[in-house]
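Colleague: Sending over target01.cif (mmCIF, C-alpha atoms and all ligand atoms).
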```
data_structure
#
loop_
_atom_site.label_atom_id
_atom_site.label_comp_id
_atom_site.auth_asym_id
_atom_site.auth_seq_id
_atom_site.Cartn_x
_atom_site.Cartn_y
_atom_site.Cartn_z
CA MET A 174 159.23 88.38 107.18
CA PRO A 175 161.98 89.73 109.36
CA PHE A 176 161.16 92.70 111.44
CA PRO A 177 163.45 95.04 113.39
CA LEU A 178 163.88 94.01 116.96
CA GLN A 179 163.60 97.06 119.10
CA ARG A 180 166.41 96.90 121.53
CA THR A 181 166.51 99.24 124.42
CA ARG A 182 169.70 99.66 126.31
CA ALA A 183 168.73 99.55 129.93
CA VAL A 184 171.14 101.15 132.27
CA VAL A 185 170.26 100.68 135.85
CA VAL A 186 172.10 102.67 138.44
CA LEU A 187 171.27 101.79 141.96
CA THR A 188 172.39 104.07 144.69
CA LEU A 189 171.35 104.13 148.24
CA ALA A 190 171.37 107.26 150.31
CA VAL A 191 172.24 106.30 153.81
CA GLY A 192 170.51 109.13 155.53
CA LEU A 193 173.60 111.26 155.90
CA LEU A 194 171.60 114.43 155.79
CA SER A 195 169.49 113.32 158.69
CA LEU A 196 172.41 112.75 161.00
CA PRO A 197 172.97 115.39 163.67
CA VAL A 198 175.72 117.81 162.77
CA GLY A 199 179.08 116.74 164.34
CA CYS A 200 177.89 113.30 165.23
CA GLU A 201 180.35 110.73 164.04
CA THR A 202 178.64 107.74 165.44
CA ILE A 203 178.62 104.95 162.94
CA HIS A 204 176.17 102.27 163.64
CA PRO A 205 177.51 98.83 162.89
CA ASP A 206 174.27 97.77 161.34
CA ARG A 207 174.24 100.67 158.96
CA PRO A 208 173.31 99.35 155.56
CA THR A 209 176.19 99.36 153.17
CA ALA A 210 175.83 101.16 149.89
CA GLU A 211 174.53 99.04 147.04
CA PRO A 212 177.00 98.59 144.24
CA VAL A 213 176.45 100.54 141.09
CA ALA A 214 174.95 98.15 138.64
CA ARG A 215 174.80 98.50 134.92
CA SER A 216 173.30 95.82 132.85
CA ALA A 217 174.45 94.63 129.50
CA ASP A 218 172.02 94.99 126.62
CA PRO A 219 168.99 92.94 127.46
CA ALA A 220 168.82 89.64 125.69
CA PRO A 221 166.60 89.89 122.61
CA PRO A 222 163.08 88.57 123.18
CA PRO A 223 162.49 85.04 122.01
CA SER A 224 161.80 84.91 118.30
CA PRO A 225 158.08 85.14 117.71
CA VAL A 226 156.56 82.11 116.08
CA VAL A 227 155.59 83.06 112.56
CA PRO A 228 152.27 81.45 111.67
CA THR A 229 152.48 78.80 109.01
CA LEU A 230 150.15 77.19 106.53
CA PRO A 231 148.69 73.76 107.16
CA GLY A 232 150.38 71.16 105.01
CA LYS A 233 151.15 67.99 106.88
CA TYR A 234 148.76 66.17 104.58
CA ALA A 235 147.60 66.87 101.03
CA THR A 236 144.37 65.34 99.76
CA ARG A 237 143.41 65.68 96.10
CA ARG A 238 139.70 65.60 95.23
CA GLY A 239 138.16 66.81 92.01
CA CYS A 240 139.47 70.29 91.23
CA CYS A 241 140.94 70.81 94.71
CA VAL A 242 144.01 69.90 96.69
CA PHE A 243 143.30 70.19 100.40
CA TYR A 244 146.23 70.96 102.69
CA HIS A 245 145.61 70.06 106.32
CA ASP A 246 147.39 69.05 109.51
CA PHE A 247 144.81 66.53 110.73
CA GLU A 248 143.60 63.27 109.28
CA PHE A 249 140.51 63.40 107.10
CA SER A 250 138.10 60.54 106.62
CA PRO A 251 138.00 59.78 102.91
CA ASP A 252 134.19 59.59 103.32
CA ASP A 253 133.90 63.11 104.67
CA PRO A 254 131.12 64.78 102.65
CA LEU A 255 133.24 67.90 102.43
CA LEU A 256 135.56 66.13 100.05
CA ALA A 257 132.68 65.49 97.64
CA GLU A 258 132.08 69.20 97.06
CA PRO A 259 134.99 69.72 94.63
CA GLU A 260 133.72 66.74 92.63
CA ASN A 261 130.12 67.96 92.37
CA LEU A 262 130.08 71.74 92.57
CA PRO A 263 131.94 72.46 89.29
CA ASP A 264 129.31 70.59 87.26
CA GLN A 265 126.52 72.44 89.03
CA VAL A 266 128.08 75.87 88.55
CA TYR A 267 129.24 75.47 84.97
CA SER A 268 126.08 73.77 83.72
CA GLU A 269 123.69 76.24 85.36
CA LEU A 270 125.68 79.22 84.08
CA ARG A 271 126.34 77.65 80.64
CA LEU A 272 130.08 78.08 81.06
CA PRO A 273 132.79 75.74 79.81
CA GLN A 274 134.46 73.45 82.33
CA GLY A 275 137.61 74.96 83.72
CA ASN A 276 140.67 72.90 84.48
CA ALA A 277 142.35 74.99 87.14
CA VAL A 278 143.49 73.34 90.35
CA VAL A 279 142.42 75.09 93.52
CA GLN A 280 144.56 74.90 96.64
CA VAL A 281 142.46 74.74 99.81
CA PHE A 282 144.28 75.49 103.06
CA LEU A 283 142.21 74.08 105.92
CA PHE A 284 143.33 75.37 109.30
CA ASP A 285 142.37 73.25 112.29
CA THR A 286 141.31 76.20 114.45
CA GLN A 287 139.90 79.67 113.97
CA SER A 288 142.71 81.23 115.97
CA ARG A 289 145.39 79.66 113.83
CA TYR A 290 143.59 80.76 110.69
CA GLU A 291 143.17 84.31 111.93
CA ARG A 292 146.76 84.54 113.03
CA TYR A 293 148.04 83.43 109.65
CA MET A 294 145.66 85.71 107.78
CA PHE A 295 145.14 88.86 109.82
CA ASP A 296 147.73 89.10 112.60
CA GLU A 297 148.74 92.74 112.67
CA ARG A 298 152.43 91.90 112.44
CA PHE A 299 152.62 88.64 110.52
CA GLY A 300 149.25 88.27 108.84
CA ARG A 301 149.74 87.52 105.18
CA TYR A 302 146.50 89.31 104.37
CA LYS A 303 146.44 91.71 107.29
CA ASN A 304 145.15 94.53 105.13
CA GLN A 305 142.00 92.62 104.29
CA PRO A 306 138.93 92.75 106.54
CA ALA A 307 138.67 89.68 108.76
CA ARG A 308 136.32 87.14 107.19
CA ARG A 309 135.64 83.48 107.90
CA ALA A 310 137.09 82.31 104.61
CA TYR A 311 138.89 83.82 101.65
CA PHE A 312 139.62 83.11 98.04
CA PHE A 313 142.60 84.68 96.33
CA ALA A 314 143.78 84.50 92.73
CA GLU A 315 147.47 85.35 92.89
CA PRO A 316 149.81 85.83 89.95
CA ARG A 317 152.12 82.87 89.50
CA ILE A 318 155.75 83.28 88.59
CA GLY A 319 155.94 82.30 84.96
CA GLY A 320 152.38 83.30 84.18
CA GLY A 321 148.87 82.36 85.11
CA GLU A 322 147.34 82.49 88.54
CA GLU A 323 147.33 80.39 91.66
CA LEU A 324 143.83 79.89 93.02
CA LYS A 325 143.85 79.61 96.81
CA ILE A 326 141.17 79.17 99.42
CA TYR A 327 141.83 79.69 103.11
CA THR A 328 139.39 78.64 105.80
CA TRP A 329 139.14 76.67 109.03
CA MET A 330 137.24 73.71 110.49
CA GLY A 331 134.23 75.61 111.81
CA ASP A 332 130.51 74.98 111.75
CA HIS A 333 130.12 76.80 108.44
CA LEU A 334 132.88 74.97 106.65
CA ARG A 335 130.79 73.29 103.99
CA THR A 336 128.95 76.49 103.10
CA ASP A 337 132.18 78.48 103.16
CA LEU A 338 133.96 75.96 100.95
CA ARG A 339 131.16 76.02 98.37
CA HIS A 340 131.13 79.82 98.49
CA GLU A 341 134.86 80.24 97.99
CA LEU A 342 135.07 77.42 95.49
CA THR A 343 132.40 79.16 93.39
CA HIS A 344 134.69 82.21 93.30
CA ALA A 345 137.57 80.00 92.19
CA LEU A 346 135.52 78.29 89.48
CA LEU A 347 134.27 81.59 88.07
CA ASN A 348 137.69 83.21 88.17
CA GLY A 349 139.12 80.17 86.43
CA VAL A 350 137.02 80.67 83.27
CA LEU A 351 136.16 84.38 83.14
CA LYS A 352 138.48 87.26 82.30
CA HIS A 353 137.09 89.24 85.19
CA VAL A 354 134.28 88.76 87.69
CA PRO A 355 132.75 92.01 89.01
CA LEU A 356 132.80 91.95 92.80
CA TRP A 357 129.04 92.15 93.34
CA LEU A 358 128.38 89.42 90.78
CA ASP A 359 131.12 87.21 92.23
CA GLU A 360 129.52 87.47 95.67
CA GLY A 361 125.98 87.12 94.37
CA LEU A 362 126.81 83.91 92.50
CA ALA A 363 128.82 82.55 95.45
CA GLY A 364 125.82 83.25 97.69
CA TYR A 365 123.58 81.46 95.20
CA PHE A 366 125.71 78.30 95.03
CA GLU A 367 126.95 78.15 98.63
CA LEU A 368 124.07 76.00 99.86
CA PRO A 369 123.50 72.49 98.46
CA PRO A 370 121.57 71.90 95.20
CA ALA A 371 118.44 70.98 97.17
CA ASN A 372 118.14 74.64 98.18
CA ASP A 373 117.68 75.57 94.53
CA GLY A 374 119.70 78.72 95.00
CA VAL A 375 117.57 79.97 97.89
CA ASN A 376 119.40 81.36 100.87
CA PRO A 377 116.67 81.34 103.54
CA GLN A 378 118.44 83.82 105.82
CA HIS A 379 118.88 86.35 103.03
CA LEU A 380 115.32 85.82 101.89
CA ASP A 381 113.80 86.26 105.35
CA THR A 382 115.76 89.44 105.98
CA LEU A 383 114.92 90.94 102.60
CA ARG A 384 111.25 90.14 103.00
CA ARG A 385 111.14 91.83 106.38
CA GLY A 386 112.44 94.90 104.59
CA PRO A 387 113.06 97.63 103.98
CA LEU A 388 114.11 96.56 100.52
CA LEU A 389 116.67 99.10 99.38
CA GLN A 390 118.02 97.58 96.22
CA ASP A 391 120.41 99.62 94.10
CA LEU A 392 122.20 97.60 91.48
CA ALA A 393 123.94 100.66 90.03
CA ARG A 394 125.60 101.17 93.43
CA LEU A 395 126.64 97.53 93.73
CA GLU A 396 128.16 97.57 90.26
CA LYS A 397 130.56 100.34 91.27
CA PHE A 398 132.18 98.35 94.07
CA ASP A 399 135.68 97.02 93.60
CA GLN A 400 136.94 96.44 97.14
CA VAL A 401 136.01 93.63 99.51
CA LYS A 402 135.50 96.06 102.39
CA GLN A 403 132.68 97.72 100.47
CA MET A 404 130.65 94.52 100.69
CA GLU A 405 128.98 93.98 104.03
CA LYS A 406 126.01 91.80 104.90
CA PRO A 407 123.34 93.98 103.27
CA GLU A 408 125.37 94.09 100.06
CA TYR A 409 125.89 90.29 100.08
CA ARG A 410 122.13 89.87 100.51
CA GLU A 411 121.31 92.25 97.71
CA ALA A 412 123.86 90.66 95.37
CA TRP A 413 122.32 87.24 96.07
CA ALA A 414 118.83 88.63 95.43
CA TRP A 415 119.75 90.04 92.00
CA VAL A 416 121.41 86.78 90.99
CA HIS A 417 118.47 84.65 92.18
CA PHE A 418 116.07 87.00 90.41
CA MET A 419 117.94 86.61 87.14
CA LEU A 420 118.56 82.87 87.33
CA LYS A 421 115.18 81.80 88.68
CA GLY A 422 112.86 84.53 87.49
CA ASP A 423 111.68 85.44 84.01
CA PRO A 424 113.67 83.65 81.25
CA ALA A 425 114.44 87.05 79.73
CA MET A 426 116.29 88.00 82.94
CA ARG A 427 118.16 84.75 82.87
CA LYS A 428 119.30 85.44 79.34
CA VAL A 429 120.64 88.85 80.39
CA LEU A 430 122.84 87.25 83.06
CA LEU A 431 124.01 84.34 80.92
CA ASP A 432 124.88 86.70 78.04
CA HIS A 433 126.77 88.93 80.47
CA LEU A 434 128.79 85.94 81.70
CA GLN A 435 129.57 84.92 78.13
CA ALA A 436 130.80 88.47 77.48
CA LEU A 437 133.04 88.24 80.56
CA ARG A 438 134.73 85.17 79.09
CA VAL A 439 136.42 87.34 76.49
CA ASN A 440 136.05 90.90 77.73
CA PRO A 441 137.03 91.89 81.28
CA ASN A 442 134.83 94.96 81.12
CA PRO A 443 131.67 94.48 79.09
CA GLY A 444 129.99 97.39 80.88
CA PRO A 445 127.34 97.45 83.58
CA LEU A 446 124.56 94.93 83.70
CA LEU A 447 121.73 97.22 84.81
CA PRO A 448 121.15 98.89 81.42
CA LYS A 449 120.77 95.45 79.87
CA LEU A 450 118.26 94.48 82.56
CA ARG A 451 116.31 97.66 81.82
CA GLU A 452 116.07 96.62 78.18
CA ALA A 453 114.50 93.37 79.30
CA THR A 454 112.16 94.77 81.94
CA SER A 455 111.06 98.34 82.38
CA ASN A 456 111.38 98.41 86.15
CA PRO A 457 114.01 95.95 87.45
CA ASP A 458 113.58 97.10 91.07
CA ARG A 459 109.86 96.34 91.04
CA ALA A 460 110.45 93.03 89.24
CA LEU A 461 113.02 92.04 91.89
CA ALA A 462 110.64 92.88 94.74
CA ASP A 463 107.88 90.82 93.10
CA HIS A 464 110.28 87.95 92.58
CA LEU A 465 111.39 87.89 96.22
CA ALA A 466 107.79 87.98 97.40
CA GLY A 467 106.93 85.02 95.21
CA ILE A 468 109.77 82.62 96.10
CA GLU A 469 108.31 79.50 97.64
CA TYR A 470 110.61 78.07 100.20
CA PRO A 471 109.56 75.69 102.94
CA GLN A 472 110.73 77.03 106.26
CA SER A 473 111.19 73.48 107.48
CA ARG A 474 113.94 72.73 104.99
CA SER A 475 117.05 72.30 107.04
CA GLN A 476 120.26 74.07 106.30
CA PRO A 477 123.48 72.13 106.26
CA LYS A 478 126.30 73.10 108.46
ZN ZN B 1 132.72 85.71 98.68
#
```
Any chance you could put this one into structure tokens?
Modeller:
Amino acid sequence: MPFPLQRTRAVVVLTLAVGLLSLPVGCETIHPDRPTAEPVARSADPAPPPSPVVPTLPGKYATRRGCCVFYHDFEFSPDDPLLAEPENLPDQVYSELRLPQGNAVVQVFLFDTQSRYERYMFDERFGRYKNQPARRAYFFAEPRIGGGEELKIYTWMGDHLRTDLRHELTHALLNGVLKHVPLWLDEGLAGYFELPPANDGVNPQHLDTLRRGPLLQDLARLEKFDQVKQMEKPEYREAWAWVHFMLKGDPAMRKVLLDHLQALRVNPNPGPLLPKLREATSNPDRALADHLAGIEYPQSRSQPK
């Protein structure tokens, strides 16, 4: 996007006083080595600064796998396990949540470095999403000219890439088949599916932190959020906990969540979830605490990068 170049007209006037005032009155001696007066100099307008380099998207290569097209500027091994995620994750998400398979194509922009990613996304002058809080990866559903939405994931080749891809891809898969995904639920489900199937939905870091307490769950508060900046780490943890509680706890809780998701397929605002949970269990907060205490998760299970 063009921006106004601020030009300042610099006018430099150089004069040199030759010490006339210090000469003795009446003395007309002129020293031959007296410095001559500097010429008056006025510059032209300064040359405009070199055009800043506007950050660009990766796109030297495009690799299609499953539901995704990856855009990248480096060569990818076709055997890279990352490329298997778009082939496997949709089945896992849709079957566990009893949702129909979507057919949307997700564009994944893979930056080679963090700095290039951050410049494209958040640079205060050029960042395409500079009004969003800086995060390691993002998913956006953007209106497409002519109707529909473009589903886009932006991230970079860091240590958390596989987890981040699964997380953002879960957002894309949900947004592809639901009329609306409430923010807390979107993040809770993404946190549930971001680690490989062997984790069975358990996020060990979230679990450890929640078990150390204090456990301050408040689903009514989470359900009011509608801006990304309202979700920080404690809210991500809590959202994951509610989702894990419903999907892996009592079957009655699971039914509440699956019914809510079915409602969201046709109705963007089926109302809050908490009242429905209260119909299924008298004290959801207590039931959640009991659930978290009872999750069996071997500490030795390694986490993928
Ligand atoms: Zn997310």
Colleague: For Ala314 of chain A, which of A:Thr343, A:Asn348, A:Thr328, A:Gln287 is the closest residue, counting only C-alpha atoms?
Modeller: A:Asn348
Colleague: So which residues are near ligand ZN 1 (chain B), meaning at most 12 Å away with all atoms listed in the file counted, given back as a ChimeraX atom specification?
Modeller: /A:308-313,326-327,336-345,347-348,354-367,400-402,404-406,408-410,412-413
Colleague: Choose the residue, out of A:Gln274, A:His417, A:Thr229, A:Gln280, that has the smallest atom-to-atom separation from Met294 of chain A; count only C-alpha atoms.
Modeller: A:Thr229
Colleague: Excluding same-chain residues fewer than 2 positions from Leu383 of chain A, what lies within 9 Å of it counting only C-alpha atoms, as an MDAnalysis selection string?
Modeller: chainID A and resid 378:381 385:389 407 410:411 414 465
Colleague: Between A:Ala277, A:Ala462, A:Ile468, A:Met330, single out the one closest to Val375 of chain A, counting all atoms listed in the file.
Modeller: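 Among A:Ala277, A:Ala462, A:Ile468, A:Met330, it is A:Ile468 that comes nearest to Val375 of chain A.
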Colleague: Around all the atoms of segment 280-294 of chain A listed in the file, with 5 Å of room on each side, what axis-aligned box do you get, giving centre and edge lengths in Å to one decimal, as lines of an AutoDock Vina configuration file?
Modeller:
```
center_x = 144.0
center_y = 79.5
center_z = 106.3
size_x = 18.1
size_y = 22.5
size_z = 29.3
```
Colleague: Select, from A:Asn440, A:Ser250, A:Thr236, A:Asn304, the residue with the minimum atom-to-atom distance to Val279 of chain A, counting all atoms listed in the file.
Modeller: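 Counting all atoms listed in the file, the residue closest to Val279 of chain A is A:Thr236.
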Colleague: Residues near segment 443-449 of chain A, anyone? I mean within 10 Å using all atoms listed in the file, not counting same-chain ones fewer than 6 positions away, as number ranges by chain.
Modeller: A: 353, 355, 358, 391-393, 396-397, 426, 429-430, 432-437, 457
Colleague: Smallest atom-to-atom distance to Arg237 of chain A: which of A:Leu283, A:Pro259, A:Leu346, A:Tyr302, using only C-alpha atoms?
Modeller: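 Among A:Leu283, A:Pro259, A:Leu346, A:Tyr302, it is A:Pro259 that comes nearest to Arg237 of chain A.
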Colleague: What separation in Å, quoted to one decimal, exists between atom CA of Leu262 of chain A and atom CA of Leu334 of chain A?
Modeller: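 Atom-to-atom, atom CA of Leu262 of chain A to atom CA of Leu334 of chain A, that is 14.7 Å.
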Colleague: State, in Å with one decimal place, the distance from atom CA of Glu260 of chain A to atom CA of Leu351 of chain A.
Modeller: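 Distance reported for this atom pair: 20.2 Å.
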Colleague: Please indicate the distance in Å from atom CA of Phe284 of chain A to atom CA of His245 of chain A, rounded to one decimal place.
Modeller: 6.5 Å
Colleague: In terms of the shortest atom-to-atom distance over all atoms listed in the file, which of A:Tyr234, A:Pro251, A:Gln305, A:Leu395 is closest to Glu291 of chain A?
Modeller: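 Nearest to Glu291 of chain A: A:Gln305.
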Colleague: Pick out the residues sitting within 12 Å of Leu431 of chain A, and hand them over as a short mmCIF file (atom, residue, chain, number, x, y, z; two decimals) with C-alpha atoms, keeping the file's coordinate frame; count only C-alpha atoms, and ignore anything fewer than 6 positions along from it in its own chain.
Modeller:
```cif
data_model
loop_
_atom_site.label_atom_id
_atom_site.label_comp_id
_atom_site.auth_asym_id
_atom_site.auth_seq_id
_atom_site.Cartn_x
_atom_site.Cartn_y
_atom_site.Cartn_z
CA TYR A 267 129.24 75.47 84.97
CA SER A 268 126.08 73.77 83.72
CA GLU A 269 123.69 76.24 85.36
CA LEU A 270 125.68 79.22 84.08
CA ARG A 271 126.34 77.65 80.64
CA LEU A 272 130.08 78.08 81.06
CA LEU A 358 128.38 89.42 90.78
CA LEU A 362 126.81 83.91 92.50
CA VAL A 416 121.41 86.78 90.99
CA MET A 419 117.94 86.61 87.14
CA LEU A 420 118.56 82.87 87.33
CA PRO A 424 113.67 83.65 81.25
CA ALA A 425 114.44 87.05 79.73
CA LEU A 437 133.04 88.24 80.56
CA ARG A 438 134.73 85.17 79.09
CA LEU A 446 124.56 94.93 83.70
CA LYS A 449 120.77 95.45 79.87
CA LEU A 450 118.26 94.48 82.56
#
```
